[in-house]
Amino acid sequence: MHADLVGLGAVLLIAGLVARGARRIGLPSVPCYMLVGILLGPGTP
């Protein structure tokens, strides 16, 4: 249970950092959240 929460927190942190970096170069943040979710989500092999 504890490891699941740490993993979820890490994914949210990574998604936030990617989205923040995208906003700095003028890209929308929502597609970045979606991309990180696809790459790091539970359905990724």
# chains A, B, ... in the order shown; residues from 1 in each chain; ligands from 1
>>> residues_around(residues="Leu40 of chain A", least_positions_apart="5", cutoff="10 Å", atoms="only C-alpha atoms", output="ChimeraX atom specification")
/A:8,11,14-15,34-35,45
>>> write_last_selection(atoms="N, CA, C and O atoms", output="short mmCIF file (atom, residue, chain, number, x, y, z; two decimals), in the first residue's frame")
data_model
loop_
_atom_site.label_atom_id
_atom_site.label_comp_id
_atom_site.auth_asym_id
_atom_site.auth_seq_id
_atom_site.Cartn_x
_atom_site.Cartn_y
_atom_site.Cartn_z
N LEU A 8 2.40 6.62 -7.07
CA LEU A 8 1.44 7.59 -7.57
C LEU A 8 1.96 9.01 -7.40
O LEU A 8 1.85 9.84 -8.30
N VAL A 11 4.59 9.68 -10.09
CA VAL A 11 3.99 9.92 -11.40
C VAL A 11 3.39 11.32 -11.47
O VAL A 11 3.56 12.03 -12.46
N ILE A 14 6.26 13.86 -11.76
CA ILE A 14 6.84 13.87 -13.10
C ILE A 14 5.90 14.56 -14.08
O ILE A 14 6.33 15.38 -14.90
N ALA A 15 4.60 14.26 -13.99
CA ALA A 15 3.62 14.88 -14.88
C ALA A 15 3.60 16.39 -14.68
O ALA A 15 3.53 17.16 -15.65
N MET A 34 -1.53 13.96 -20.40
CA MET A 34 -2.02 12.75 -21.06
C MET A 34 -0.85 11.88 -21.52
O MET A 34 -0.89 10.66 -21.37
N LEU A 35 0.18 12.49 -22.07
CA LEU A 35 1.34 11.74 -22.55
C LEU A 35 2.04 11.02 -21.40
O LEU A 35 2.39 9.85 -21.51
N PRO A 45 3.24 -1.74 -20.89
CA PRO A 45 4.02 -2.98 -20.60
C PRO A 45 5.41 -2.70 -20.09
O PRO A 45 6.00 -1.71 -20.29
#
>>> residues_around(residues="segment 18-22 of chain A", least_positions_apart="3", cutoff="12 Å", atoms="only C-alpha atoms", output="list in words")
Val11, Leu12, Leu13, Ile14, Ala15, Ile25, Gly26, Leu27, Pro28, Ser29, Val30, Pro31, Cys32, Tyr33, Met34, Leu35, Val36 and Gly37 of chain A
>>> select_by_dssp(residues="chain A", states="alpha helix (DSSP H)", output="MDAnalysis selection string")
chainID A and resid 2:24 30:40
>>> decode(residues="segment 3-41 of chain A", atoms="N, CA and C atoms", output="compact mmCIF listing (two decimals), in the first residue's frame")
# COMPACT_ATOMS: atom_id res chain seq x y z
N ALA A 3 3.95 1.58 -1.02
CA ALA A 3 4.68 1.69 -2.29
C ALA A 3 3.76 2.21 -3.39
N ASP A 4 2.48 1.85 -3.35
CA ASP A 4 1.54 2.34 -4.35
C ASP A 4 1.38 3.85 -4.25
N LEU A 5 1.30 4.36 -3.04
CA LEU A 5 1.15 5.80 -2.86
C LEU A 5 2.41 6.56 -3.27
N VAL A 6 3.56 5.98 -2.99
CA VAL A 6 4.82 6.61 -3.39
C VAL A 6 4.93 6.63 -4.91
N GLY A 7 4.53 5.55 -5.55
CA GLY A 7 4.54 5.48 -7.02
C GLY A 7 3.59 6.50 -7.63
N LEU A 8 2.40 6.62 -7.07
CA LEU A 8 1.44 7.59 -7.57
C LEU A 8 1.96 9.01 -7.40
N GLY A 9 2.57 9.28 -6.27
CA GLY A 9 3.15 10.60 -6.04
C GLY A 9 4.28 10.91 -7.03
N ALA A 10 5.09 9.90 -7.34
CA ALA A 10 6.18 10.10 -8.29
C ALA A 10 5.64 10.40 -9.68
N VAL A 11 4.59 9.68 -10.09
CA VAL A 11 3.99 9.92 -11.40
C VAL A 11 3.39 11.32 -11.47
N LEU A 12 2.71 11.74 -10.42
CA LEU A 12 2.13 13.08 -10.41
C LEU A 12 3.21 14.16 -10.44
N LEU A 13 4.29 13.94 -9.73
CA LEU A 13 5.40 14.89 -9.73
C LEU A 13 6.02 15.00 -11.12
N ILE A 14 6.26 13.86 -11.76
CA ILE A 14 6.84 13.87 -13.10
C ILE A 14 5.90 14.56 -14.08
N ALA A 15 4.60 14.26 -13.99
CA ALA A 15 3.62 14.88 -14.88
C ALA A 15 3.60 16.39 -14.68
N GLY A 16 3.65 16.84 -13.44
CA GLY A 16 3.66 18.27 -13.17
C GLY A 16 4.90 18.96 -13.71
N LEU A 17 6.03 18.31 -13.57
CA LEU A 17 7.28 18.91 -14.07
C LEU A 17 7.28 18.98 -15.59
N VAL A 18 6.78 17.93 -16.24
CA VAL A 18 6.72 17.93 -17.70
C VAL A 18 5.76 19.01 -18.19
N ALA A 19 4.60 19.11 -17.55
CA ALA A 19 3.61 20.12 -17.94
C ALA A 19 4.14 21.53 -17.70
N ARG A 20 4.84 21.72 -16.61
CA ARG A 20 5.41 23.04 -16.33
C ARG A 20 6.46 23.43 -17.37
N GLY A 21 7.28 22.46 -17.74
CA GLY A 21 8.27 22.72 -18.79
C GLY A 21 7.63 23.02 -20.13
N ALA A 22 6.53 22.33 -20.42
CA ALA A 22 5.83 22.58 -21.68
C ALA A 22 5.22 23.97 -21.70
N ARG A 23 4.68 24.40 -20.57
CA ARG A 23 4.09 25.75 -20.50
C ARG A 23 5.16 26.83 -20.72
N ARG A 24 6.37 26.56 -20.28
CA ARG A 24 7.44 27.55 -20.46
C ARG A 24 7.79 27.75 -21.92
N ILE A 25 7.64 26.70 -22.74
CA ILE A 25 7.96 26.84 -24.16
C ILE A 25 6.72 27.10 -25.00
N GLY A 26 5.56 27.29 -24.34
CA GLY A 26 4.37 27.71 -25.04
C GLY A 26 3.42 26.59 -25.45
N LEU A 27 3.61 25.39 -24.96
CA LEU A 27 2.72 24.29 -25.28
C LEU A 27 1.63 24.16 -24.22
N PRO A 28 0.47 23.63 -24.58
CA PRO A 28 -0.57 23.41 -23.57
C PRO A 28 -0.18 22.28 -22.62
N SER A 29 -0.64 22.35 -21.38
CA SER A 29 -0.21 21.38 -20.38
C SER A 29 -1.03 20.09 -20.39
N VAL A 30 -2.30 20.14 -20.81
CA VAL A 30 -3.15 18.95 -20.75
C VAL A 30 -2.61 17.81 -21.61
N PRO A 31 -2.18 18.05 -22.85
CA PRO A 31 -1.61 16.94 -23.62
C PRO A 31 -0.36 16.34 -22.96
N CYS A 32 0.38 17.16 -22.24
CA CYS A 32 1.56 16.65 -21.54
C CYS A 32 1.16 15.72 -20.41
N TYR A 33 0.10 16.08 -19.66
CA TYR A 33 -0.41 15.19 -18.62
C TYR A 33 -0.87 13.88 -19.25
N MET A 34 -1.53 13.96 -20.40
CA MET A 34 -2.02 12.75 -21.06
C MET A 34 -0.85 11.88 -21.52
N LEU A 35 0.18 12.49 -22.07
CA LEU A 35 1.34 11.74 -22.55
C LEU A 35 2.04 11.02 -21.40
N VAL A 36 2.24 11.71 -20.29
CA VAL A 36 2.88 11.09 -19.13
C VAL A 36 2.00 9.95 -18.59
N GLY A 37 0.69 10.14 -18.59
CA GLY A 37 -0.22 9.10 -18.14
C GLY A 37 -0.15 7.87 -19.01
N ILE A 38 -0.03 8.07 -20.32
CA ILE A 38 0.09 6.94 -21.24
C ILE A 38 1.41 6.22 -21.03
N LEU A 39 2.49 6.99 -20.89
CA LEU A 39 3.81 6.37 -20.77
C LEU A 39 4.04 5.70 -19.43
N LEU A 40 3.50 6.26 -18.35
CA LEU A 40 3.80 5.73 -17.02
C LEU A 40 2.59 5.06 -16.36
N GLY A 41 1.49 4.95 -17.08
CA GLY A 41 0.27 4.37 -16.51
C GLY A 41 0.39 2.87 -16.32
